[in-house]
Amino acid sequence: MKKIILNAAIILSLAFTIFSCEDDDTVTERNLQDEIVGQWEHSSVSLSIDGTSYPDYLRQNYPDLVGDQTDAEIENDINEQFEEFLGNVLDLQADGTFIATYHDSEPDSGNWLVNDQTQALMLDYPEGEFEDSDVQLAIESFTDNQLTVSEEFDGSDALFGLLQEEETLKVIISFDRLWCWQEARNY
């Protein structure tokens with residue numbers, strides 16, 4: 001009889017243990033402001049105009065400019081052009097400041113934050129190349145290892161002079177997280 005009671009008690013305690021965990025499975029909202037802190041290396045850029053990829057747009061509107069270039073060659077040209085223009089490393093620091101390091105010029109710095117309502121990365125450049133300008137980048141995707149942001153320009157703001165005024169250029173920039181192995185070894 002003691003064996004039956006003991007087995008029943010074990011079965012009941014296992015049942016309570018298994019079914020009492022449902023509250024532990026709730027997903028907590030990510031704090032993007034904290035998680036995005038770190039150094040991010042510019043890895044690629046892609047462009048689209050009114051939802052059409054940049055290579056397709058060029059082929060449709062400027063076939064002589066493209067010639068027989070493949071999509072990959074056009075995308076590589078874009079990345080080479082933006083590599084010189086954009087910061088190579090964007091260091092988002094926990095205190096809300098950032099440093100943008102470029103290939104051939106002095107670094108820029110300023111303040112940053114993530115707007116949770118609009119899912120945008122806000123960069124405030126008080127001095128340097130983009131002095132007194134605020135940049136709002138829509139966060140397209142974010143993982144521990146990659147950050148993809150975008151910014152849109154209408155034809156009147158076009159960087160290349162190829163757009164019509166009613167067209168919209170979307171610039172999508174991908175960054176890869178730089179991991180500090182020195183810090184990782186300390187854990």
# chains A, B, ... in the order shown; residues from 1 in each chain; ligands from 1
$ residues_around --residues "A:Asp176" --least-positions-apart "3" --cutoff "12 Å" --atoms "only C-alpha atoms" --output "PyMOL selection string"
chain A and resi 36+38-44+88-91+141-149+173+179
$ write_last_selection --atoms "N, CA and C atoms" --output "PDB file, in the first residue's frame"
ATOM      1  N   ILE A  36      21.143  46.763 -29.205  1.00  0.00           N
ATOM      2  CA  ILE A  36      21.801  47.260 -30.403  1.00  0.00           C
ATOM      3  C   ILE A  36      23.169  47.892 -30.093  1.00  0.00           C
ATOM      4  N   GLY A  38      26.898  48.403 -29.519  1.00  0.00           N
ATOM      5  CA  GLY A  38      28.062  47.670 -30.004  1.00  0.00           C
ATOM      6  C   GLY A  38      28.629  48.297 -31.257  1.00  0.00           C
ATOM      7  N   GLN A  39      29.634  47.641 -31.809  1.00  0.00           N
ATOM      8  CA  GLN A  39      30.266  48.112 -33.035  1.00  0.00           C
ATOM      9  C   GLN A  39      29.694  47.355 -34.220  1.00  0.00           C
ATOM     10  N   TRP A  40      29.317  48.115 -35.256  1.00  0.00           N
ATOM     11  CA  TRP A  40      28.670  47.550 -36.439  1.00  0.00           C
ATOM     12  C   TRP A  40      29.476  47.946 -37.668  1.00  0.00           C
ATOM     13  N   GLU A  41      29.903  46.945 -38.446  1.00  0.00           N
ATOM     14  CA  GLU A  41      30.691  47.191 -39.654  1.00  0.00           C
ATOM     15  C   GLU A  41      29.785  47.165 -40.879  1.00  0.00           C
ATOM     16  N   HIS A  42      29.884  48.219 -41.688  1.00  0.00           N
ATOM     17  CA  HIS A  42      29.109  48.326 -42.922  1.00  0.00           C
ATOM     18  C   HIS A  42      29.475  47.149 -43.824  1.00  0.00           C
ATOM     19  N   SER A  43      28.484  46.331 -44.207  1.00  0.00           N
ATOM     20  CA  SER A  43      28.785  45.160 -45.028  1.00  0.00           C
ATOM     21  C   SER A  43      28.210  45.228 -46.437  1.00  0.00           C
ATOM     22  N   SER A  44      27.069  45.890 -46.623  1.00  0.00           N
ATOM     23  CA  SER A  44      26.514  45.993 -47.977  1.00  0.00           C
ATOM     24  C   SER A  44      25.445  47.071 -48.057  1.00  0.00           C
ATOM     25  N   ASN A  88      32.607  53.228 -42.169  1.00  0.00           N
ATOM     26  CA  ASN A  88      32.984  51.826 -42.185  1.00  0.00           C
ATOM     27  C   ASN A  88      32.523  51.138 -40.909  1.00  0.00           C
ATOM     28  N   VAL A  89      32.661  51.809 -39.767  1.00  0.00           N
ATOM     29  CA  VAL A  89      32.224  51.233 -38.497  1.00  0.00           C
ATOM     30  C   VAL A  89      31.358  52.243 -37.757  1.00  0.00           C
ATOM     31  N   LEU A  90      30.207  51.785 -37.298  1.00  0.00           N
ATOM     32  CA  LEU A  90      29.304  52.593 -36.482  1.00  0.00           C
ATOM     33  C   LEU A  90      29.325  52.001 -35.084  1.00  0.00           C
ATOM     34  N   ASP A  91      29.856  52.754 -34.127  1.00  0.00           N
ATOM     35  CA  ASP A  91      29.996  52.289 -32.745  1.00  0.00           C
ATOM     36  C   ASP A  91      28.898  52.950 -31.917  1.00  0.00           C
ATOM     37  N   SER A 141      15.605  45.042 -40.093  1.00  0.00           N
ATOM     38  CA  SER A 141      15.752  43.786 -39.354  1.00  0.00           C
ATOM     39  C   SER A 141      16.918  43.919 -38.377  1.00  0.00           C
ATOM     40  N   PHE A 142      16.846  43.114 -37.317  1.00  0.00           N
ATOM     41  CA  PHE A 142      17.897  43.126 -36.311  1.00  0.00           C
ATOM     42  C   PHE A 142      18.031  41.735 -35.715  1.00  0.00           C
ATOM     43  N   THR A 143      19.266  41.228 -35.694  1.00  0.00           N
ATOM     44  CA  THR A 143      19.599  40.012 -34.967  1.00  0.00           C
ATOM     45  C   THR A 143      20.829  40.332 -34.134  1.00  0.00           C
ATOM     46  N   ASP A 144      21.282  39.384 -33.356  1.00  0.00           N
ATOM     47  CA  ASP A 144      22.488  39.615 -32.563  1.00  0.00           C
ATOM     48  C   ASP A 144      23.692  39.931 -33.437  1.00  0.00           C
ATOM     49  N   ASN A 145      23.688  39.451 -34.674  1.00  0.00           N
ATOM     50  CA  ASN A 145      24.858  39.584 -35.543  1.00  0.00           C
ATOM     51  C   ASN A 145      24.689  40.549 -36.703  1.00  0.00           C
ATOM     52  N   GLN A 146      23.457  40.937 -37.038  1.00  0.00           N
ATOM     53  CA  GLN A 146      23.260  41.793 -38.201  1.00  0.00           C
ATOM     54  C   GLN A 146      22.179  42.842 -37.946  1.00  0.00           C
ATOM     55  N   LEU A 147      22.447  44.036 -38.465  1.00  0.00           N
ATOM     56  CA  LEU A 147      21.521  45.160 -38.391  1.00  0.00           C
ATOM     57  C   LEU A 147      21.312  45.672 -39.807  1.00  0.00           C
ATOM     58  N   THR A 148      20.057  45.746 -40.230  1.00  0.00           N
ATOM     59  CA  THR A 148      19.737  46.273 -41.552  1.00  0.00           C
ATOM     60  C   THR A 148      18.803  47.462 -41.365  1.00  0.00           C
ATOM     61  N   VAL A 149      19.208  48.596 -41.942  1.00  0.00           N
ATOM     62  CA  VAL A 149      18.438  49.833 -41.825  1.00  0.00           C
ATOM     63  C   VAL A 149      18.192  50.394 -43.223  1.00  0.00           C
ATOM     64  N   ILE A 173      20.921  49.511 -45.967  1.00  0.00           N
ATOM     65  CA  ILE A 173      22.305  49.332 -45.523  1.00  0.00           C
ATOM     66  C   ILE A 173      22.350  48.202 -44.504  1.00  0.00           C
ATOM     67  N   TRP A 179      32.507  41.639 -33.007  1.00  0.00           N
ATOM     68  CA  TRP A 179      32.584  41.093 -31.657  1.00  0.00           C
ATOM     69  C   TRP A 179      33.967  41.343 -31.099  1.00  0.00           C
TER      70      TRP A 179
END
$ atom_distance --atom1 "atom CA of A:Val37" --atom2 "atom CA of A:Gly96"
8.8 Å
$ select_by_dssp --residues "stretch 58-118 of chain A" --states "helix (DSSP H, G or I)" --output "ChimeraX atom specification"
/A:58-61,63-66,71-85
$ write_last_selection --atoms "N, CA, C and O atoms" --output "mmCIF file, in the first residue's frame"
data_model
loop_
_atom_site.group_PDB
_atom_site.id
_atom_site.type_symbol
_atom_site.label_atom_id
_atom_site.label_comp_id
_atom_site.auth_asym_id
_atom_site.auth_seq_id
_atom_site.Cartn_x
_atom_site.Cartn_y
_atom_site.Cartn_z
ATOM 1 N N LEU A 58 17.827 50.603 -63.732
ATOM 2 C CA LEU A 58 18.789 51.109 -64.716
ATOM 3 C C LEU A 58 18.559 50.485 -66.084
ATOM 4 O O LEU A 58 18.619 51.185 -67.108
ATOM 5 N N ARG A 59 18.303 49.193 -66.124
ATOM 6 C CA ARG A 59 18.058 48.526 -67.409
ATOM 7 C C ARG A 59 16.824 49.083 -68.112
ATOM 8 O O ARG A 59 16.806 49.243 -69.326
ATOM 9 N N GLN A 60 15.771 49.380 -67.321
ATOM 10 C CA GLN A 60 14.529 49.892 -67.901
ATOM 11 C C GLN A 60 14.661 51.336 -68.372
ATOM 12 O O GLN A 60 14.087 51.711 -69.388
ATOM 13 N N ASN A 61 15.414 52.154 -67.611
ATOM 14 C CA ASN A 61 15.451 53.592 -67.885
ATOM 15 C C ASN A 61 16.752 54.099 -68.497
ATOM 16 O O ASN A 61 16.750 55.153 -69.136
ATOM 17 N N PRO A 63 19.422 51.966 -70.361
ATOM 18 C CA PRO A 63 20.087 50.751 -70.852
ATOM 19 C C PRO A 63 21.517 51.005 -71.349
ATOM 20 O O PRO A 63 22.385 50.145 -71.193
ATOM 21 N N ASP A 64 21.773 52.169 -71.930
ATOM 22 C CA ASP A 64 23.128 52.465 -72.409
ATOM 23 C C ASP A 64 24.114 52.610 -71.260
ATOM 24 O O ASP A 64 25.298 52.306 -71.412
ATOM 25 N N LEU A 65 23.649 53.066 -70.131
ATOM 26 C CA LEU A 65 24.505 53.236 -68.959
ATOM 27 C C LEU A 65 24.939 51.884 -68.383
ATOM 28 O O LEU A 65 26.071 51.724 -67.939
ATOM 29 N N VAL A 66 24.044 50.902 -68.439
ATOM 30 C CA VAL A 66 24.307 49.586 -67.863
ATOM 31 C C VAL A 66 25.126 48.711 -68.807
ATOM 32 O O VAL A 66 26.019 47.976 -68.367
ATOM 33 N N ASP A 71 23.680 41.855 -62.746
ATOM 34 C CA ASP A 71 23.156 42.427 -61.496
ATOM 35 C C ASP A 71 24.239 42.473 -60.429
ATOM 36 O O ASP A 71 24.378 43.461 -59.711
ATOM 37 N N ALA A 72 25.020 41.402 -60.333
ATOM 38 C CA ALA A 72 26.084 41.341 -59.316
ATOM 39 C C ALA A 72 27.124 42.435 -59.543
ATOM 40 O O ALA A 72 27.602 43.053 -58.584
ATOM 41 N N GLU A 73 27.466 42.701 -60.793
ATOM 42 C CA GLU A 73 28.442 43.762 -61.084
ATOM 43 C C GLU A 73 27.887 45.133 -60.721
ATOM 44 O O GLU A 73 28.599 45.975 -60.162
ATOM 45 N N ILE A 74 26.610 45.358 -60.998
ATOM 46 C CA ILE A 74 25.982 46.641 -60.640
ATOM 47 C C ILE A 74 25.932 46.790 -59.124
ATOM 48 O O ILE A 74 26.266 47.850 -58.581
ATOM 49 N N GLU A 75 25.534 45.726 -58.430
ATOM 50 C CA GLU A 75 25.483 45.768 -56.959
ATOM 51 C C GLU A 75 26.884 46.000 -56.374
ATOM 52 O O GLU A 75 27.038 46.750 -55.410
ATOM 53 N N ASN A 76 27.914 45.371 -56.949
ATOM 54 C CA ASN A 76 29.289 45.605 -56.474
ATOM 55 C C ASN A 76 29.708 47.051 -56.680
ATOM 56 O O ASN A 76 30.369 47.638 -55.820
ATOM 57 N N ASP A 77 29.328 47.638 -57.833
ATOM 58 C CA ASP A 77 29.636 49.052 -58.079
ATOM 59 C C ASP A 77 28.981 49.943 -57.031
ATOM 60 O O ASP A 77 29.596 50.882 -56.528
ATOM 61 N N ILE A 78 27.728 49.638 -56.704
ATOM 62 C CA ILE A 78 27.011 50.419 -55.693
ATOM 63 C C ILE A 78 27.733 50.322 -54.358
ATOM 64 O O ILE A 78 27.977 51.326 -53.691
ATOM 65 N N ASN A 79 28.098 49.117 -53.960
ATOM 66 C CA ASN A 79 28.774 48.932 -52.671
ATOM 67 C C ASN A 79 30.119 49.644 -52.637
ATOM 68 O O ASN A 79 30.490 50.206 -51.617
ATOM 69 N N GLU A 80 30.851 49.645 -53.746
ATOM 70 C CA GLU A 80 32.123 50.371 -53.792
ATOM 71 C C GLU A 80 31.903 51.868 -53.640
ATOM 72 O O GLU A 80 32.644 52.546 -52.931
ATOM 73 N N GLN A 81 30.869 52.417 -54.293
ATOM 74 C CA GLN A 81 30.577 53.848 -54.185
ATOM 75 C C GLN A 81 30.173 54.213 -52.755
ATOM 76 O O GLN A 81 30.608 55.225 -52.219
ATOM 77 N N PHE A 82 29.342 53.393 -52.143
ATOM 78 C CA PHE A 82 28.881 53.690 -50.789
ATOM 79 C C PHE A 82 29.948 53.402 -49.736
ATOM 80 O O PHE A 82 29.936 54.009 -48.680
ATOM 81 N N GLU A 83 30.853 52.478 -50.024
ATOM 82 C CA GLU A 83 31.923 52.175 -49.073
ATOM 83 C C GLU A 83 32.755 53.420 -48.801
ATOM 84 O O GLU A 83 33.158 53.683 -47.674
ATOM 85 N N GLU A 84 32.974 54.230 -49.828
ATOM 86 C CA GLU A 84 33.740 55.465 -49.650
ATOM 87 C C GLU A 84 32.907 56.533 -48.934
ATOM 88 O O GLU A 84 33.439 57.363 -48.213
ATOM 89 N N PHE A 85 31.599 56.535 -49.142
ATOM 90 C CA PHE A 85 30.737 57.578 -48.602
ATOM 91 C C PHE A 85 30.303 57.301 -47.163
ATOM 92 O O PHE A 85 30.292 58.183 -46.321
#
$ residues_around --residues "A:Ser109" --least-positions-apart "2" --cutoff "7 Å" --atoms "only C-alpha atoms" --output "JSON, numbers by chain"
{"A": [98, 99, 100, 107, 125]}
$ atom_distance --atom1 "atom CA of A:Leu113" --atom2 "atom CA of A:Thr97"
8.5 Å
$ select_by_dssp --residues "stretch 95-173 of chain A" --states "strand (DSSP E or B)" --output "MDAnalysis selection string"
chainID A and resid 97:101 108:115 120:125 133:142 146:154 168:173
$ atom_distance --atom1 "atom CA of A:Phe175" --atom2 "atom CA of A:Met122"
15.6 Å
